[in-house]
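A.B. asks: So here's entry-v2.pdb (PDB, C-alpha atoms and all ligand atoms).
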```pdb
ATOM      1  CA  MET O 623       0.000   0.000   0.000
ATOM      2  CA  PRO O 624       1.505   3.403  -0.916
ATOM      3  CA  THR O 625       2.198   5.613   2.092
ATOM      4  CA  ASP O 626       0.740   9.109   2.188
ATOM      5  CA  SER O 627       3.030  11.914   1.062
ATOM      6  CA  LEU O 628       4.014  14.763   3.374
ATOM      7  CA  ALA O 629       1.686  17.086   1.442
ATOM      8  CA  GLU O 630      -1.247  14.707   1.923
ATOM      9  CA  ILE O 631      -0.610  14.336   5.632
ATOM     10  CA  VAL O 632      -0.215  18.102   6.182
ATOM     11  CA  ALA O 633      -3.432  18.739   4.219
ATOM     12  CA  ALA O 634      -5.324  16.030   6.135
ATOM     13  CA  VAL O 635      -4.125  17.118   9.581
ATOM     14  CA  GLY O 636      -4.684  20.791   8.744
ATOM     15  CA  LYS O 637      -8.224  20.171   7.562
ATOM     16  CA  GLU O 638      -9.128  17.897  10.456
ATOM     17  CA  VAL O 639      -7.876  20.349  13.080
ATOM     18  CA  ALA O 640      -9.227  23.468  11.355
ATOM     19  CA  ASP O 641     -12.671  21.933  10.773
ATOM     20  CA  ALA O 642     -13.047  20.828  14.382
ATOM     21  CA  HIS O 643     -11.293  23.598  16.317
ATOM     22  CA  ARG O 644     -10.829  26.734  14.201
ATOM     23  CA  GLY O 645     -11.163  29.847  16.385
ATOM     24  CA  ALA O 646     -10.694  28.069  19.722
ATOM     25  CA  GLY O 647      -8.726  29.722  22.520
ATOM     26  CA  LYS O 648      -8.486  33.376  23.444
ATOM     27  CA  VAL O 649      -6.607  35.956  21.379
ATOM     28  CA  ALA O 650      -4.023  37.896  23.442
ATOM     29  CA  ASP O 651      -5.487  41.265  24.341
ATOM     30  CA  TYR O 652      -2.968  42.597  26.856
ATOM     31  CA  ILE O 653      -1.218  44.072  23.795
ATOM     32  CA  PRO O 654      -4.145  46.063  22.305
ATOM     33  CA  ALA O 655      -2.937  45.867  18.687
ATOM     34  CA  LEU O 656      -2.883  42.054  18.876
ATOM     35  CA  ALA O 657      -6.508  41.858  20.022
ATOM     36  CA  ARG O 658      -7.712  42.831  16.554
ATOM     37  CA  VAL O 659      -6.443  39.677  14.841
ATOM     38  CA  ASP O 660      -9.072  37.384  13.303
ATOM     39  CA  PRO O 661      -9.252  34.358  15.666
ATOM     40  CA  ASN O 662     -10.300  32.089  12.783
ATOM     41  CA  ARG O 663      -6.969  32.250  11.015
ATOM     42  CA  PHE O 664      -5.083  28.981  10.802
ATOM     43  CA  GLY O 665      -1.861  28.286   8.927
ATOM     44  CA  LEU O 666       0.543  25.375   8.819
ATOM     45  CA  ALA O 667       3.820  25.074   6.904
ATOM     46  CA  VAL O 668       6.473  22.359   6.789
ATOM     47  CA  ILE O 669       9.826  22.507   5.053
ATOM     48  CA  THR O 670      12.140  19.505   5.019
ATOM     49  CA  CYS O 671      15.927  19.446   4.981
ATOM     50  CA  GLU O 672      15.629  18.350   1.340
ATOM     51  CA  GLY O 673      13.610  21.461   0.506
ATOM     52  CA  GLU O 674      10.225  19.780   0.147
ATOM     53  CA  THR O 675       7.421  22.041   1.346
ATOM     54  CA  ALA O 676       3.842  21.372   2.391
ATOM     55  CA  GLU O 677       1.300  23.932   3.554
ATOM     56  CA  PHE O 678      -2.259  24.342   4.691
ATOM     57  CA  GLY O 679      -4.580  27.322   5.135
ATOM     58  CA  ASP O 680      -3.167  30.755   5.962
ATOM     59  CA  ALA O 681       0.488  29.706   5.730
ATOM     60  CA  TRP O 682       1.093  32.706   3.453
ATOM     61  CA  LEU O 683      -0.335  35.359   5.786
ATOM     62  CA  PRO O 684       1.975  37.390   8.086
ATOM     63  CA  PHE O 685       1.318  37.364  11.831
ATOM     64  CA  SER O 686       3.093  38.810  14.863
ATOM     65  CA  ILE O 687       6.147  36.690  15.685
ATOM     66  CA  GLN O 688       6.199  37.751  19.365
ATOM     67  CA  SER O 689       8.233  35.406  21.573
ATOM     68  CA  ILE O 690       9.343  33.197  18.697
ATOM     69  CA  SER O 691      11.771  36.049  17.944
ATOM     70  CA  LYS O 692      13.598  34.970  21.122
ATOM     71  CA  VAL O 693      14.985  31.952  19.234
ATOM     72  CA  PHE O 694      16.671  34.244  16.729
ATOM     73  CA  THR O 695      18.030  36.752  19.260
ATOM     74  CA  LEU O 696      19.395  33.817  21.281
ATOM     75  CA  THR O 697      21.091  32.611  18.106
ATOM     76  CA  LEU O 698      22.707  36.042  17.607
ATOM     77  CA  ALA O 699      23.708  36.444  21.264
ATOM     78  CA  LEU O 700      25.252  32.969  21.485
ATOM     79  CA  GLU O 701      27.353  33.572  18.414
ATOM     80  CA  ARG O 702      28.499  36.908  19.832
ATOM     81  CA  LEU O 703      29.069  36.104  23.500
ATOM     82  CA  GLY O 704      29.534  32.340  23.426
ATOM     83  CA  GLU O 705      29.575  30.661  26.831
ATOM     84  CA  ALA O 706      29.797  34.026  28.605
ATOM     85  CA  LEU O 707      26.061  34.456  27.967
ATOM     86  CA  TRP O 708      25.349  31.809  30.618
ATOM     87  CA  THR O 709      26.669  33.998  33.408
ATOM     88  CA  ARG O 710      23.762  36.347  32.713
ATOM     89  CA  VAL O 711      20.899  33.959  31.980
ATOM     90  CA  GLY O 712      20.213  30.339  33.016
ATOM     91  CA  ARG O 713      18.874  27.403  31.032
ATOM     92  CA  GLU O 714      16.453  25.858  33.452
ATOM     93  CA  PRO O 715      12.672  25.718  32.958
ATOM     94  CA  SER O 716      10.973  28.326  35.104
ATOM     95  CA  GLY O 717       7.677  26.626  35.798
ATOM     96  CA  SER O 718       6.103  30.067  35.918
ATOM     97  CA  ARG O 719       4.383  32.405  33.502
ATOM     98  CA  PHE O 720       6.304  34.055  30.666
ATOM     99  CA  ASN O 721       6.138  37.508  32.254
ATOM    100  CA  SER O 722       6.631  36.463  35.889
ATOM    101  CA  ILE O 723       8.971  38.432  38.160
ATOM    102  CA  VAL O 724       8.838  36.164  41.236
ATOM    103  CA  GLN O 725      12.054  34.171  40.759
ATOM    104  CA  LEU O 726      14.170  37.175  39.804
ATOM    105  CA  GLU O 727      14.666  38.501  43.324
ATOM    106  CA  ALA O 728      15.725  35.168  44.827
ATOM    107  CA  GLU O 729      18.001  34.509  41.871
ATOM    108  CA  LYS O 730      19.669  37.937  41.999
ATOM    109  CA  GLY O 731      18.477  39.279  38.685
ATOM    110  CA  VAL O 732      19.657  36.275  36.640
ATOM    111  CA  PRO O 733      16.595  34.948  34.767
ATOM    112  CA  ARG O 734      15.949  31.221  34.606
ATOM    113  CA  ASN O 735      16.171  30.891  30.817
ATOM    114  CA  PRO O 736      16.339  32.952  27.596
ATOM    115  CA  PHE O 737      12.695  32.360  26.658
ATOM    116  CA  ILE O 738      10.820  33.857  29.586
ATOM    117  CA  ASN O 739      10.518  37.617  29.104
ATOM    118  CA  ALA O 740      13.197  38.477  31.691
ATOM    119  CA  GLY O 741      15.701  36.153  30.018
ATOM    120  CA  ALA O 742      14.840  37.396  26.553
ATOM    121  CA  ILE O 743      15.360  40.987  27.676
ATOM    122  CA  VAL O 744      18.893  40.080  28.866
ATOM    123  CA  VAL O 745      19.544  38.364  25.533
ATOM    124  CA  THR O 746      18.323  41.449  23.668
ATOM    125  CA  ASP O 747      20.674  43.564  25.788
ATOM    126  CA  ALA O 748      23.527  41.298  24.627
ATOM    127  CA  VAL O 749      22.447  41.733  21.001
ATOM    128  CA  LEU O 750      22.143  45.506  21.465
ATOM    129  CA  ALA O 751      25.783  45.563  22.615
ATOM    130  CA  GLY O 752      26.117  49.337  22.891
ATOM    131  CA  ARG O 753      24.511  50.074  19.515
ATOM    132  CA  THR O 754      21.461  52.221  18.905
ATOM    133  CA  PRO O 755      18.109  50.400  19.099
ATOM    134  CA  GLU O 756      17.612  51.214  15.396
ATOM    135  CA  ALA O 757      20.837  49.402  14.473
ATOM    136  CA  ALA O 758      20.020  46.390  16.638
ATOM    137  CA  ILE O 759      16.450  46.170  15.317
ATOM    138  CA  ALA O 760      17.713  46.301  11.725
ATOM    139  CA  ASP O 761      20.257  43.594  12.570
ATOM    140  CA  ILE O 762      17.577  41.273  14.026
ATOM    141  CA  ARG O 763      15.216  41.949  11.105
ATOM    142  CA  ASP O 764      17.947  41.368   8.542
ATOM    143  CA  THR O 765      19.004  38.140  10.252
ATOM    144  CA  LEU O 766      15.453  36.887   9.973
ATOM    145  CA  ARG O 767      15.217  38.020   6.343
ATOM    146  CA  ARG O 768      18.427  36.200   5.509
ATOM    147  CA  LEU O 769      17.362  33.009   7.285
ATOM    148  CA  ALA O 770      13.879  33.092   5.770
ATOM    149  CA  ASP O 771      15.323  34.023   2.391
ATOM    150  CA  ASN O 772      12.729  36.753   2.172
ATOM    151  CA  ASP O 773      13.212  40.517   2.139
ATOM    152  CA  THR O 774       9.631  41.456   2.888
ATOM    153  CA  ILE O 775       9.810  40.712   6.635
ATOM    154  CA  GLU O 776       9.104  43.959   8.487
ATOM    155  CA  VAL O 777       8.369  45.299  11.946
ATOM    156  CA  ASP O 778       4.713  46.151  12.538
ATOM    157  CA  LYS O 779       5.150  49.635  13.998
ATOM    158  CA  GLU O 780       1.638  49.715  15.364
ATOM    159  CA  VAL O 781       2.214  46.562  17.413
ATOM    160  CA  ALA O 782       5.597  47.855  18.621
ATOM    161  CA  THR O 783       4.021  51.129  19.748
ATOM    162  CA  SER O 784       1.183  49.246  21.408
ATOM    163  CA  GLU O 785       3.655  47.031  23.291
ATOM    164  CA  ALA O 786       5.717  49.994  24.418
ATOM    165  CA  ALA O 787       2.598  51.775  25.655
ATOM    166  CA  THR O 788       1.396  48.826  27.724
ATOM    167  CA  GLY O 789       4.547  46.840  28.557
ATOM    168  CA  PHE O 790       4.658  47.799  32.238
ATOM    169  CA  ARG O 791       5.666  44.327  33.343
ATOM    170  CA  ASN O 792       8.547  44.275  30.893
ATOM    171  CA  TYR O 793       9.688  47.690  32.187
ATOM    172  CA  ALA O 794       9.524  46.275  35.708
ATOM    173  CA  LEU O 795      11.578  43.209  34.740
ATOM    174  CA  ALA O 796      14.177  45.296  32.913
ATOM    175  CA  ASN O 797      14.543  47.857  35.701
ATOM    176  CA  PHE O 798      14.786  45.097  38.270
ATOM    177  CA  MET O 799      17.586  43.391  36.357
ATOM    178  CA  ARG O 800      19.341  46.693  35.799
ATOM    179  CA  GLY O 801      19.274  47.032  39.599
ATOM    180  CA  PHE O 802      21.222  43.766  39.764
ATOM    181  CA  ASP O 803      23.687  45.002  37.107
ATOM    182  CA  ASN O 804      22.447  42.417  34.640
ATOM    183  CA  LEU O 805      21.615  44.929  31.898
ATOM    184  CA  ASN O 806      24.354  46.955  30.261
ATOM    185  CA  GLY O 807      22.303  49.158  27.947
ATOM    186  CA  PRO O 808      19.735  51.774  29.002
ATOM    187  CA  VAL O 809      16.392  50.152  29.879
ATOM    188  CA  GLU O 810      14.642  52.310  27.258
ATOM    189  CA  ASP O 811      16.964  51.140  24.464
ATOM    190  CA  VAL O 812      16.838  47.474  25.446
ATOM    191  CA  LEU O 813      13.045  47.487  25.597
ATOM    192  CA  GLN O 814      12.641  49.446  22.404
ATOM    193  CA  THR O 815      14.686  46.749  20.696
ATOM    194  CA  TYR O 816      12.765  43.966  22.450
ATOM    195  CA  PHE O 817       9.325  45.390  21.559
ATOM    196  CA  HIS O 818      10.345  45.762  17.922
ATOM    197  CA  GLN O 819      11.771  42.232  17.640
ATOM    198  CA  CYS O 820       8.479  40.886  19.054
ATOM    199  CA  SER O 821       6.545  42.975  16.513
ATOM    200  CA  LEU O 822       8.156  41.486  13.415
ATOM    201  CA  ARG O 823       5.564  40.119  10.997
ATOM    202  CA  ILE O 824       6.239  36.737   9.456
ATOM    203  CA  THR O 825       4.302  33.990   7.674
ATOM    204  CA  CYS O 826       4.327  30.283   8.614
ATOM    205  CA  ARG O 827       6.128  29.613   5.337
ATOM    206  CA  GLN O 828       8.883  32.136   6.143
ATOM    207  CA  LEU O 829       9.162  31.069   9.775
ATOM    208  CA  ALA O 830       9.634  27.385   8.981
ATOM    209  CA  ARG O 831      12.307  28.321   6.439
ATOM    210  CA  ALA O 832      14.049  30.604   8.955
ATOM    211  CA  GLY O 833      14.228  27.830  11.565
ATOM    212  CA  LEU O 834      15.465  25.099   9.239
ATOM    213  CA  PHE O 835      19.132  25.547  10.215
ATOM    214  CA  LEU O 836      18.234  24.223  13.670
ATOM    215  CA  ALA O 837      17.191  20.910  12.131
ATOM    216  CA  ARG O 838      20.666  20.433  10.636
ATOM    217  CA  GLU O 839      23.021  21.234  13.486
ATOM    218  CA  GLY O 840      23.279  24.898  12.589
ATOM    219  CA  LEU O 841      23.901  24.430   8.859
ATOM    220  CA  ASP O 842      21.242  25.690   6.466
ATOM    221  CA  PRO O 843      20.615  22.536   4.425
ATOM    222  CA  LEU O 844      19.263  24.401   1.407
ATOM    223  CA  ASN O 845      22.149  26.767   0.740
ATOM    224  CA  GLY O 846      24.997  25.276   2.780
ATOM    225  CA  ASN O 847      25.459  28.396   4.930
ATOM    226  CA  ARG O 848      26.713  27.765   8.446
ATOM    227  CA  ILE O 849      24.459  29.800  10.756
ATOM    228  CA  VAL O 850      25.677  28.576  14.149
ATOM    229  CA  SER O 851      28.065  25.903  15.400
ATOM    230  CA  PRO O 852      26.623  22.417  15.982
ATOM    231  CA  GLU O 853      27.095  22.945  19.747
ATOM    232  CA  HIS O 854      25.030  26.116  19.734
ATOM    233  CA  ALA O 855      22.335  24.550  17.556
ATOM    234  CA  ARG O 856      22.067  21.651  20.021
ATOM    235  CA  ARG O 857      21.777  24.075  22.915
ATOM    236  CA  ILE O 858      19.100  26.188  21.255
ATOM    237  CA  ASN O 859      17.100  23.034  20.522
ATOM    238  CA  ALA O 860      17.540  21.831  24.106
ATOM    239  CA  ILE O 861      16.256  25.121  25.488
ATOM    240  CA  MET O 862      13.340  25.098  23.033
ATOM    241  CA  MET O 863      12.437  21.631  24.263
ATOM    242  CA  THR O 864      12.698  22.426  27.972
ATOM    243  CA  CYS O 865      11.618  26.084  28.081
ATOM    244  CA  GLY O 866       9.938  26.963  24.763
ATOM    245  CA  HIS O 867       6.379  26.846  26.082
ATOM    246  CA  TYR O 868       6.922  28.417  29.521
ATOM    247  CA  ASP O 869       5.107  26.495  32.238
ATOM    248  CA  ALA O 870       3.592  24.176  29.613
ATOM    249  CA  SER O 871       6.968  23.062  28.235
ATOM    250  CA  GLY O 872       6.646  19.652  29.881
ATOM    251  CA  GLU O 873       3.202  19.249  28.379
ATOM    252  CA  PHE O 874       4.464  20.163  24.895
ATOM    253  CA  ALA O 875       7.308  17.628  25.213
ATOM    254  CA  PHE O 876       4.765  15.068  26.391
ATOM    255  CA  GLN O 877       2.244  15.710  23.623
ATOM    256  CA  VAL O 878       4.459  16.684  20.668
ATOM    257  CA  GLY O 879       7.957  15.536  21.647
ATOM    258  CA  LEU O 880       9.860  18.159  19.650
ATOM    259  CA  PRO O 881      11.748  21.388  20.380
ATOM    260  CA  GLY O 882       9.309  24.252  19.909
ATOM    261  CA  LYS O 883       8.861  27.932  20.632
ATOM    262  CA  SER O 884       5.542  29.694  20.954
ATOM    263  CA  GLY O 885       4.522  33.348  20.842
ATOM    264  CA  VAL O 886       1.428  35.202  22.027
ATOM    265  CA  GLY O 887       0.675  36.088  18.401
ATOM    266  CA  GLY O 888      -0.446  32.439  18.154
ATOM    267  CA  GLY O 889       2.541  31.107  16.241
ATOM    268  CA  ILE O 890       4.727  28.114  17.101
ATOM    269  CA  LEU O 891       8.035  27.137  15.472
ATOM    270  CA  THR O 892       8.921  23.469  15.858
ATOM    271  CA  ILE O 893      12.115  21.676  14.878
ATOM    272  CA  VAL O 894      12.234  18.053  13.754
ATOM    273  CA  PRO O 895      15.933  17.192  14.141
ATOM    274  CA  ASP O 896      17.488  16.031  10.866
ATOM    275  CA  ARG O 897      14.140  16.150   9.114
ATOM    276  CA  ALA O 898      12.256  19.430   8.961
ATOM    277  CA  ALA O 899      11.016  22.676  10.476
ATOM    278  CA  VAL O 900       7.316  23.312  11.057
ATOM    279  CA  ALA O 901       5.467  26.562  11.702
ATOM    280  CA  VAL O 902       1.857  26.812  12.739
ATOM    281  CA  TRP O 903      -0.362  29.814  13.460
ATOM    282  CA  SER O 904      -3.729  30.084  15.142
ATOM    283  CA  PRO O 905      -4.249  33.229  17.232
ATOM    284  CA  GLY O 906      -6.384  31.786  20.058
ATOM    285  CA  LEU O 907      -4.235  30.971  23.100
ATOM    286  CA  ASN O 908      -4.688  28.496  25.942
ATOM    287  CA  GLU O 909      -4.491  29.590  29.578
ATOM    288  CA  VAL O 910      -0.673  29.411  29.556
ATOM    289  CA  GLY O 911      -0.363  31.719  26.532
ATOM    290  CA  ASN O 912       0.412  29.145  23.822
ATOM    291  CA  SER O 913      -1.623  28.659  20.637
ATOM    292  CA  GLN O 914      -4.379  26.197  21.488
ATOM    293  CA  VAL O 915      -5.207  24.967  18.004
ATOM    294  CA  GLY O 916      -1.589  25.258  16.869
ATOM    295  CA  THR O 917      -0.465  22.903  19.621
ATOM    296  CA  LEU O 918      -3.171  20.437  18.660
ATOM    297  CA  ALA O 919      -2.126  20.523  15.005
ATOM    298  CA  LEU O 920       1.495  19.848  15.956
ATOM    299  CA  GLU O 921       0.435  16.985  18.198
ATOM    300  CA  LYS O 922      -1.451  15.316  15.357
ATOM    301  CA  LEU O 923       1.181  16.023  12.725
ATOM    302  CA  ALA O 924       4.055  14.733  14.898
ATOM    303  CA  ALA O 925       2.063  11.596  15.695
ATOM    304  CA  ARG O 926       1.208  10.924  12.046
ATOM    305  CA  MET O 927       4.804  11.515  10.935
ATOM    306  CA  LYS O 928       6.304   9.659  13.940
ATOM    307  CA  TRP O 929       8.428  12.736  14.543
ATOM    308  CA  SER O 930       8.699  12.726  18.350
ATOM    309  CA  VAL O 931      12.341  12.509  19.417
ATOM    310  CA  PHE O 932      11.343  10.161  22.236
TER
HETATM  311  N1  LIG C   1       5.982  40.824  23.384
HETATM  312  C1  LIG C   1       5.393  39.901  24.314
HETATM  313  C2  LIG C   1       5.626  40.363  25.728
HETATM  314  O1  LIG C   1       6.681  40.841  25.994
HETATM  315  C3  LIG C   1       5.951  38.526  24.085
HETATM  316  C4  LIG C   1       5.339  37.495  24.981
HETATM  317  C5  LIG C   1       5.130  36.146  24.328
HETATM  318  O2  LIG C   1       5.002  36.001  23.127
HETATM  319  N2  LIG C   1       4.974  35.156  25.171
HETATM  320  O3  LIG C   1       4.786  40.282  26.587
END
```
Would you mind writing the file's structure down as structure tokens?
Ligand code: GLN

C.D. replies:
Amino acid sequence: MPTDSLAEIVAAVGKEVADAHRGAGKVADYIPALARVDPNRFGLAVITCEGETAEFGDAWLPFSIQSISKVFTLTLALERLGEALWTRVGREPSGSRFNSIVQLEAEKGVPRNPFINAGAIVVTDAVLAGRTPEAAIADIRDTLRRLADNDTIEVDKEVATSEAATGFRNYALANFMRGFDNLNGPVEDVLQTYFHQCSLRITCRQLARAGLFLAREGLDPLNGNRIVSPEHARRINAIMMTCGHYDASGEFAFQVGLPGKSGVGGGILTIVPDRAAVAVWSPGLNEVGNSQVGTLALEKLAARMKWSVF
């Protein structure tokens, strides 16, 4: 009996999940500009290390990358600082919400991992490295454009402004860490950079392409460019697996079994080591702040493809 092709499986899983669950979850509204997104959007895109692609639904439509940008700033910071980064941020799951401040005091301003907001703000400070926010933002955007092989990726200024106007918790985290000497740049500059990186607009198709180097030990399999060392690629994947979904990271490992990173825009980037990168988007979030329908789609796709690393 012929086995189903990747395209057939992606189409079948996409349709099954979209038909039954489209619109489920709650769109993030603590960033006002994000609250206006149509909750019924659903996109799914897979790209393999051989360059085969398969898509379903709104895979071509840009959405707000939000915390998935933290994967790419971590990539930049690791290449720049190397092991020294780990004196400023840990790599242990936090077990608390993405914007929580509670552990920071006990742990002297050193955030648990690079994917909770506090840790990502430290990473952004490392990427900023004394430059202007404009230069750092252009650097992050251009990195993403290069990795996605697409020059249309842009910051959504309205979302960035909306985040800056309402990001009181992020200001609190940044000021708190500055008080512990764990931020070098001015809080304003670090956060301006952070809000803009979170406000980049990207499609599932572009996001999967941009993450593909993580499936091949840091080497982009489609053009042969070395993006990061194999050691750094392994570490980024490990942190995605253990910390990529905040206090639901264990659940994601349990259900999907792959390194993944979510964002409150409803996107999730998932890496299938040696095989593929997958991006999914559905704006409705579960109570932890991860895409509800997106997670479900990844669960079904990983099961059908036998992709779990466990
Ligand atoms: N920009 C968002 C924030 O800082 C990112 C959070 C997320 O996607 N989990 O709150």

A.B. asks: Within 7 Å of ligand LIG 1 (chain C), counting all atoms listed in the file, which protein or nucleic acid residues do you find, written as a list of chain:residue names?

C.D. replies: O:Gln688, O:Ser689, O:Ile690, O:Phe720, O:Asn721, O:Asn739, O:Glu785, O:Gly789, O:Asn792, O:Phe817, O:Cys820, O:Ser884, O:Gly885, O:Val886, O:Gly887, O:Gly911

A.B. asks: Can you pull out every residue within 12 Å of Leu628 in chain O, counting all atoms listed in the file, but drop anything in the same chain fewer than 5 positions away, and send it as number ranges by chain?

C.D. replies: O: 633-636, 667-670, 674-678, 897-898, 900, 923-924, 926-928

A.B. asks: Around the point (-3.5, 31.7, 22.1) (coordinates from the file), which residues reach within 7 Å if we count only C-alpha atoms? Answer as a ChimeraX atom specification.

C.D. replies: /O:647-650,886,888,905-908,911-914

A.B. asks: Would you mind listing what lies within 9 Å of Tyr793 in chain O as an mmCIF file with C-alpha atoms, in the frame of the given file, with all atoms listed in the file counted and same-chain residues fewer than 4 positions away left out?

C.D. replies:
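As written to disk, out39.cif reads:
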```
data_model
loop_
_atom_site.group_PDB
_atom_site.id
_atom_site.type_symbol
_atom_site.label_atom_id
_atom_site.label_comp_id
_atom_site.auth_asym_id
_atom_site.auth_seq_id
_atom_site.Cartn_x
_atom_site.Cartn_y
_atom_site.Cartn_z
ATOM 1 C CA GLY O 789 4.547 46.840 28.557
ATOM 2 C CA ASN O 797 14.543 47.857 35.701
ATOM 3 C CA PHE O 798 14.786 45.097 38.270
ATOM 4 C CA VAL O 809 16.392 50.152 29.879
ATOM 5 C CA GLU O 810 14.642 52.310 27.258
ATOM 6 C CA LEU O 813 13.045 47.487 25.597
#
```

A.B. asks: Give the answer as one residue: which of O:Trp708, O:Trp903, O:Tyr652, O:Phe932 has the shortest atom-to-atom distance to Met863 in chain O, using only C-alpha atoms?

C.D. replies: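 So, comparing all the options, the nearest one is O:Phe932.
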
A.B. asks: Taking (16.7, 17.9, 14.3) in the file's own coordinates, collect the residues within 6 Å, counting all atoms listed in the file, and hand them back as a PDB file with C-alpha atoms, in the coordinates of the input.

C.D. replies:
```pdb
ATOM      1  CA  ALA O 837      17.191  20.910  12.131  1.00  0.00           C
ATOM      2  CA  ARG O 838      20.666  20.433  10.636  1.00  0.00           C
ATOM      3  CA  ILE O 893      12.115  21.676  14.878  1.00  0.00           C
ATOM      4  CA  VAL O 894      12.234  18.053  13.754  1.00  0.00           C
ATOM      5  CA  PRO O 895      15.933  17.192  14.141  1.00  0.00           C
ATOM      6  CA  ASP O 896      17.488  16.031  10.866  1.00  0.00           C
TER       7      ASP O 896
END
```

A.B. asks: Evaluated on this file, the PyMOL selection byres (((chain O and resi 835) around 12) and not hetatm) picks out some residues - which ones are they, written as a PyMOL selection string?

C.D. replies: chain O and resi 669-673+693-694+697+766+768-770+829-834+836-852+854-856+858-859+892-899

A.B. asks: Distance CA of Arg710 in chain O-CA of Leu696 in chain O, one decimal place?

C.D. replies: 12.5 Å

A.B. asks: Could you tell me which of O:Ala925, O:Thr754, O:Pro654, O:Ala728 comes closest to Ala786 in chain O if we count all atoms listed in the file?

C.D. replies: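 That would be O:Pro654, the residue with the smallest distance to Ala786 in chain O.
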
A.B. asks: Given the file above and the PyMOL selection byres (((chain O and resi 699) around 12) and not hetatm), which residues are selected, and can you give them as JSON, numbers by chain?

C.D. replies: {"O": [692, 693, 694, 695, 696, 697, 698, 700, 701, 702, 703, 704, 705, 706, 707, 708, 710, 711, 736, 741, 742, 743, 744, 745, 746, 747, 748, 749, 750, 751, 758, 761, 762, 850, 854, 858]}

A.B. asks: Would you work out the distance separating CA of Arg823 in chain O from CA of Glu776 in chain O, expressed in Å to one decimal?

C.D. replies: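 Atom-to-atom, CA of Arg823 in chain O and CA of Glu776 in chain O are spaced 5.8 Å apart.
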
A.B. asks: Which is closest to Leu666 in chain O among O:Ala901, O:Ala794, O:Ile653, O:Ala875, if we use only C-alpha atoms?

C.D. replies: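 Smallest distance to Leu666 in chain O is found for O:Ala901.
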
A.B. asks: Nearest to Leu683 in chain O among O:Lys922, O:Phe790, O:Glu630, O:Val659, with distances taken over all atoms listed in the file: which residue is it?

C.D. replies: O:Val659

A.B. asks: I'd like to know which of O:Asn804, O:Thr917, O:Thr815, O:Thr765 is closest to Ala646 in chain O, using only C-alpha atoms.

C.D. replies: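 Using only C-alpha atoms, Ala646 in chain O sits closest to O:Thr917.
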
A.B. asks: Closest to Phe664 in chain O among O:Ala870, O:Ile890, O:Ala681, O:Leu920, using only C-alpha atoms?

C.D. replies: O:Ala681
